[in-house]
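Peer 1: Here it is: the structure, laid out below.
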Amino acid sequence: MGDSIFVGGVVSLTTVDYPGCLATAVFFQGCEWRCRYCQNGHLQSLLPTESLPWEDILNLLQVRKGFVEAVVFSGGEPLLQKGLLRAVDDVKKMGFKIGLHTSGADPDRFAKVLPFLNWVGFDIKYSFDRYEEITRIKDSGKIAGKSLDLLIASHVAFEARMTVHEKMKVDIIVAALKNISSLGVKKMVLQKCRDRNENVVEHPIFSDKLTLDELAKCFDSFLVRG
Ligand code: SF4
């Protein structure tokens, strides 16, 4: 189908997925990357055995109108949905703000959808030349770099986030964050990684106050989450 939409799940009320707004999060099915710490493995398959009908999502949102202010498209990787523009258009027409959680895996679709977005949570996996060590996908860093350039040029409000996996090196993380700061990223969140049992996996950077202070100076807002 030309503009198919595969929904793998929905959270009808969330306070943490869109800054400052009560939101509904819609999780799209499918991701071509294979990040070492992915918590949404069940959403990676591009060929789901079942999908929630898009009409059901719209009906749910109709009921939530006036209570929920924003709808956040997450995943999986929402940019892989052929019907993403249609989904954004449907939800925008209902009066919701639109948020997108993405790793920037399809710059062309990102460019098309950006003018309709109110806020983006953009995942940075590592330094762009070492993305493959986390995503296990060749050239994923080049692709993400293109998408980040588009996002910065768009002036859509956004936050960049990096999840710190145990394989990641402090000096490479620092260089990566200084690089994206120089590109124009103003808000940055460093997130602790969780294992399959949802336990935090510690990393030396989180107890390295000097380094965290140095990084905080690179951004208008710098948070550690986890
Ligand atoms: S990009 Fe996101 S959904 Fe895809 S594998 Fe990585 S963490 Fe999982």
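Residue numbering restarts at 1 for every chain of the structure tokens, chains are lettered A, B, ... in their displayed order, and ligands are numbered from 1 as they appear.
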Return as number ranges by chain the residues of protein, DNA or RNA that approach ligand 1 to within 9 Å, with only C-alpha atoms and all ligand atoms taken into account.

Peer 2: A: 29-41, 43-44, 74-77, 101-105, 123, 125, 134-135

Peer 1: Emit the selected residues as a tab-separated table (two decimals), in the first residue's frame, including C-alpha atoms.

Peer 2:
chain	number	residue	atom	x	y	z
A	29	GLN	CA	6.07	-0.64	13.91
A	30	GLY	CA	9.41	-1.20	12.19
A	31	CYS	CA	13.04	-0.20	12.47
A	32	GLU	CA	15.97	-1.17	10.25
A	33	TRP	CA	18.61	-0.40	12.87
A	34	ARG	CA	19.66	-2.83	15.60
A	35	CYS	CA	20.90	-0.73	18.49
A	36	ARG	CA	22.65	-2.70	21.20
A	37	TYR	CA	20.38	-1.31	23.91
A	38	CYS	CA	17.05	-1.27	22.04
A	39	GLN	CA	14.17	-1.68	24.51
A	40	ASN	CA	11.61	-1.95	21.71
A	41	GLY	CA	12.79	-5.11	19.97
A	43	LEU	CA	8.72	-3.06	17.27
A	44	GLN	CA	11.74	-3.71	15.03
A	74	SER	CA	7.49	7.11	18.35
A	75	GLY	CA	8.63	3.63	17.50
A	76	GLY	CA	10.33	1.65	16.12
A	77	GLU	CA	11.39	4.35	13.69
A	101	HIS	CA	10.82	10.66	18.36
A	102	THR	CA	13.32	9.68	15.69
A	103	SER	CA	16.86	8.58	14.98
A	104	GLY	CA	16.69	10.29	11.59
A	105	ALA	CA	16.85	7.07	9.60
A	123	ASP	CA	18.42	10.28	19.15
A	125	LYS	CA	23.73	7.22	18.83
A	134	ILE	CA	25.86	0.96	18.26
A	135	THR	CA	23.33	0.60	15.43

Peer 1: Write out as a ChimeraX atom specification each polymer residue whose atoms come within 7 Å of region 88-96 of chain A, counting only C-alpha atoms; drop sequence neighbours fewer than 5 positions from it.

Peer 2: /A:69-71

Peer 1: Please produce a file of those selected residues containing N, CA and C atoms, as a compact mmCIF listing (two decimals), in the first residue's frame.

Peer 2:
# COMPACT_ATOMS: atom_id res chain seq x y z
N GLU A 69 -2.96 17.34 24.94
CA GLU A 69 -2.65 18.48 24.08
C GLU A 69 -1.79 18.09 22.87
N ALA A 70 -1.02 17.01 23.05
CA ALA A 70 -0.06 16.65 21.99
C ALA A 70 -0.12 15.15 21.69
N VAL A 71 0.27 14.82 20.47
CA VAL A 71 0.43 13.42 20.08
C VAL A 71 1.88 13.24 19.65

Peer 1: So which residues touch region 57-64 of chain A within 8 Å, counting only C-alpha atoms, skipping near sequence neighbours fewer than 3 positions away, as a list in words?

Peer 2: Ser12, Thr24, Leu52, Pro53, Trp54, Phe67, Val68, Asp90, Val91 and Met94 of chain A

Peer 1: Pull C-alpha atoms from the residues just selected and write them as a PDB file, in the first residue's frame.

Peer 2:
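Saved file again-v3.pdb follows:
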ATOM      1  CA  SER A  12      -3.049   6.999  25.780  1.00  0.00           C
ATOM      2  CA  THR A  24      -0.695  10.374  23.726  1.00  0.00           C
ATOM      3  CA  LEU A  52      -3.684  -1.563  15.323  1.00  0.00           C
ATOM      4  CA  PRO A  53      -5.999  -0.016  12.718  1.00  0.00           C
ATOM      5  CA  TRP A  54      -5.231   3.669  12.143  1.00  0.00           C
ATOM      6  CA  PHE A  67      -7.544  16.528  27.765  1.00  0.00           C
ATOM      7  CA  VAL A  68      -4.434  15.615  25.838  1.00  0.00           C
ATOM      8  CA  ASP A  90      -4.885  13.536  10.244  1.00  0.00           C
ATOM      9  CA  VAL A  91      -3.759  14.305  13.790  1.00  0.00           C
ATOM     10  CA  MET A  94      -7.766  17.376  15.007  1.00  0.00           C
TER      11      MET A  94
END

Peer 1: Quick one: pull the distance between CA of Ala153 (chain A) and CA of Asp220 (chain A), Å, one decimal.

Peer 2: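 Between these atoms lies a distance of 17.8 Å.
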
Peer 1: Near Ala144 (chain A), counting only C-alpha atoms, which residues have an atom at most 8 Å away, once you skip same-chain residues fewer than 3 positions from it, shown as a list in words?

Peer 2: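 Contacts, with the query itself left out: Ser103, Gly104, Ala105, Pro107, Ile124, Phe128, Ser140, Gly141, Ser147 and Leu148 of chain A.
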
Peer 1: Need the shell around Leu212 (chain A): protein/DNA/RNA residues with any atom at most 10 Å away, counting only C-alpha atoms. Skip same-chain ones fewer than 3 positions apart. Format as JSON, numbers by chain?

Peer 2: {"A": [174, 190, 205, 206, 207, 208, 209, 215, 216, 217, 222, 223, 224]}

Peer 1: Go through A:Leu150, A:Leu79, A:Leu177, A:Val10 one by one, measure the shortest atom-to-atom distance of each to Met162 (chain A) using only C-alpha atoms, and give the residue with the smallest value.

Peer 2: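 Using only C-alpha atoms, Met162 (chain A) sits closest to A:Leu177.
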
Peer 1: Could you pull out all residues of region 32-161 of chain A with a DSSP call of strand (DSSP E) and give them as a ChimeraX atom specification?

Peer 2: /A:70-74,97-102,119-123,157-161

Peer 1: Would you mind exporting the chosen residues as a PDB file, in the first residue's frame, restricted to N, CA and C atoms?

Peer 2:
ATOM      1  N   ALA A  70      -1.017  17.009  23.049  1.00  0.00           N
ATOM      2  CA  ALA A  70      -0.062  16.648  21.994  1.00  0.00           C
ATOM      3  C   ALA A  70      -0.120  15.150  21.694  1.00  0.00           C
ATOM      4  N   VAL A  71       0.269  14.822  20.471  1.00  0.00           N
ATOM      5  CA  VAL A  71       0.432  13.415  20.082  1.00  0.00           C
ATOM      6  C   VAL A  71       1.885  13.240  19.653  1.00  0.00           C
ATOM      7  N   VAL A  72       2.531  12.221  20.213  1.00  0.00           N
ATOM      8  CA  VAL A  72       3.932  11.963  19.895  1.00  0.00           C
ATOM      9  C   VAL A  72       4.025  10.677  19.097  1.00  0.00           C
ATOM     10  N   PHE A  73       4.655  10.756  17.936  1.00  0.00           N
ATOM     11  CA  PHE A  73       4.886   9.566  17.128  1.00  0.00           C
ATOM     12  C   PHE A  73       6.253   9.000  17.485  1.00  0.00           C
ATOM     13  N   SER A  74       6.256   7.742  17.902  1.00  0.00           N
ATOM     14  CA  SER A  74       7.490   7.114  18.348  1.00  0.00           C
ATOM     15  C   SER A  74       7.602   5.740  17.673  1.00  0.00           C
ATOM     16  N   LYS A  97      -0.908  19.213  18.994  1.00  0.00           N
ATOM     17  CA  LYS A  97       0.494  19.458  18.647  1.00  0.00           C
ATOM     18  C   LYS A  97       1.106  18.119  18.271  1.00  0.00           C
ATOM     19  N   ILE A  98       2.107  18.164  17.404  1.00  0.00           N
ATOM     20  CA  ILE A  98       2.713  16.902  16.958  1.00  0.00           C
ATOM     21  C   ILE A  98       4.169  16.823  17.393  1.00  0.00           C
ATOM     22  N   GLY A  99       4.508  15.738  18.074  1.00  0.00           N
ATOM     23  CA  GLY A  99       5.901  15.462  18.422  1.00  0.00           C
ATOM     24  C   GLY A  99       6.379  14.215  17.702  1.00  0.00           C
ATOM     25  N   LEU A 100       7.680  14.144  17.460  1.00  0.00           N
ATOM     26  CA  LEU A 100       8.254  12.975  16.784  1.00  0.00           C
ATOM     27  C   LEU A 100       9.513  12.537  17.527  1.00  0.00           C
ATOM     28  N   HIS A 101       9.580  11.256  17.846  1.00  0.00           N
ATOM     29  CA  HIS A 101      10.823  10.661  18.363  1.00  0.00           C
ATOM     30  C   HIS A 101      11.475   9.941  17.188  1.00  0.00           C
ATOM     31  N   THR A 102      12.693  10.299  16.864  1.00  0.00           N
ATOM     32  CA  THR A 102      13.323   9.678  15.694  1.00  0.00           C
ATOM     33  C   THR A 102      14.836   9.585  15.856  1.00  0.00           C
ATOM     34  N   TRP A 119       7.581  19.612  17.708  1.00  0.00           N
ATOM     35  CA  TRP A 119       8.721  19.272  18.580  1.00  0.00           C
ATOM     36  C   TRP A 119       9.292  17.911  18.154  1.00  0.00           C
ATOM     37  N   VAL A 120      10.620  17.783  18.266  1.00  0.00           N
ATOM     38  CA  VAL A 120      11.302  16.522  17.914  1.00  0.00           C
ATOM     39  C   VAL A 120      12.238  16.104  19.051  1.00  0.00           C
ATOM     40  N   GLY A 121      12.198  14.839  19.399  1.00  0.00           N
ATOM     41  CA  GLY A 121      13.208  14.227  20.268  1.00  0.00           C
ATOM     42  C   GLY A 121      14.123  13.429  19.346  1.00  0.00           C
ATOM     43  N   PHE A 122      15.380  13.877  19.182  1.00  0.00           N
ATOM     44  CA  PHE A 122      16.275  13.280  18.174  1.00  0.00           C
ATOM     45  C   PHE A 122      17.365  12.462  18.854  1.00  0.00           C
ATOM     46  N   ASP A 123      17.399  11.173  18.558  1.00  0.00           N
ATOM     47  CA  ASP A 123      18.418  10.281  19.148  1.00  0.00           C
ATOM     48  C   ASP A 123      19.747  10.418  18.420  1.00  0.00           C
ATOM     49  N   ALA A 157      11.433  23.169  17.281  1.00  0.00           N
ATOM     50  CA  ALA A 157      11.990  22.939  18.620  1.00  0.00           C
ATOM     51  C   ALA A 157      12.406  21.476  18.763  1.00  0.00           C
ATOM     52  N   PHE A 158      13.564  21.238  19.356  1.00  0.00           N
ATOM     53  CA  PHE A 158      13.978  19.847  19.537  1.00  0.00           C
ATOM     54  C   PHE A 158      14.943  19.685  20.693  1.00  0.00           C
ATOM     55  N   GLU A 159      15.038  18.431  21.102  1.00  0.00           N
ATOM     56  CA  GLU A 159      16.003  18.024  22.122  1.00  0.00           C
ATOM     57  C   GLU A 159      16.773  16.853  21.517  1.00  0.00           C
ATOM     58  N   ALA A 160      18.084  16.846  21.692  1.00  0.00           N
ATOM     59  CA  ALA A 160      18.882  15.689  21.277  1.00  0.00           C
ATOM     60  C   ALA A 160      19.113  14.809  22.499  1.00  0.00           C
ATOM     61  N   ARG A 161      19.108  13.493  22.258  1.00  0.00           N
ATOM     62  CA  ARG A 161      19.369  12.574  23.374  1.00  0.00           C
ATOM     63  C   ARG A 161      20.407  11.548  22.945  1.00  0.00           C
TER      64      ARG A 161
END

Peer 1: Extract, using only C-alpha atoms, all DNA, RNA and protein residues at most 10 Å from Ile172 (chain A), discarding same-chain residues fewer than 6 positions from it, and format them as number ranges by chain.

Peer 2: A: 126-127, 130, 178

Peer 1: Please save C-alpha atoms of the selected residues as a PDB file, in the first residue's frame.

Peer 2:
ATOM      1  CA  TYR A 126      27.469   8.093  19.026  1.00  0.00           C
ATOM      2  CA  SER A 127      29.958  10.119  17.007  1.00  0.00           C
ATOM      3  CA  ARG A 130      31.189   5.366  14.806  1.00  0.00           C
ATOM      4  CA  LYS A 178      31.020  18.962  21.254  1.00  0.00           C
TER       5      LYS A 178
END

Peer 1: Run DSSP on the backbone of this structure and report the residues of chain A it assigns to helix (DSSP H, G or I), as a PyMOL selection string.

Peer 2: chain A and resi 41-43+54-64+78-80+84-93+107-116+128-130+132-135+140-154+170-183+204-207+209-216

Peer 1: Could you check which of A:Gly145, A:Pro204, A:Pro78, A:Pro48 is closest to Ile173 (chain A), using only C-alpha atoms?

Peer 2: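 Looking at the shortest contact to Ile173 (chain A), the residue is A:Pro204.
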
Peer 1: Give me the residues near Phe219 (chain A) as a list in words, where near means some atom within 9 Å (using only C-alpha atoms) and where sequence neighbours in that chain fewer than 5 positions away do not count.

Peer 2: Ser181, Val185, Lys186, Lys187 and Met188 of chain A

Peer 1: Please dump the current selection as a PDB file, in the first residue's frame; keep N, CA and C atoms.

Peer 2:
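Saved the output as out_25.pdb:
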ATOM      1  N   SER A 181      27.099  20.223  19.361  1.00  0.00           N
ATOM      2  CA  SER A 181      26.941  21.572  19.912  1.00  0.00           C
ATOM      3  C   SER A 181      27.408  22.592  18.870  1.00  0.00           C
ATOM      4  N   VAL A 185      23.088  22.271  18.121  1.00  0.00           N
ATOM      5  CA  VAL A 185      22.210  21.629  19.110  1.00  0.00           C
ATOM      6  C   VAL A 185      22.299  22.404  20.427  1.00  0.00           C
ATOM      7  N   LYS A 186      21.156  22.796  20.967  1.00  0.00           N
ATOM      8  CA  LYS A 186      21.135  23.625  22.192  1.00  0.00           C
ATOM      9  C   LYS A 186      20.690  22.824  23.423  1.00  0.00           C
ATOM     10  N   LYS A 187      19.850  21.812  23.209  1.00  0.00           N
ATOM     11  CA  LYS A 187      19.325  21.037  24.341  1.00  0.00           C
ATOM     12  C   LYS A 187      19.778  19.600  24.201  1.00  0.00           C
ATOM     13  N   MET A 188      20.420  19.092  25.247  1.00  0.00           N
ATOM     14  CA  MET A 188      21.003  17.750  25.170  1.00  0.00           C
ATOM     15  C   MET A 188      20.660  16.960  26.432  1.00  0.00           C
TER      16      MET A 188
END
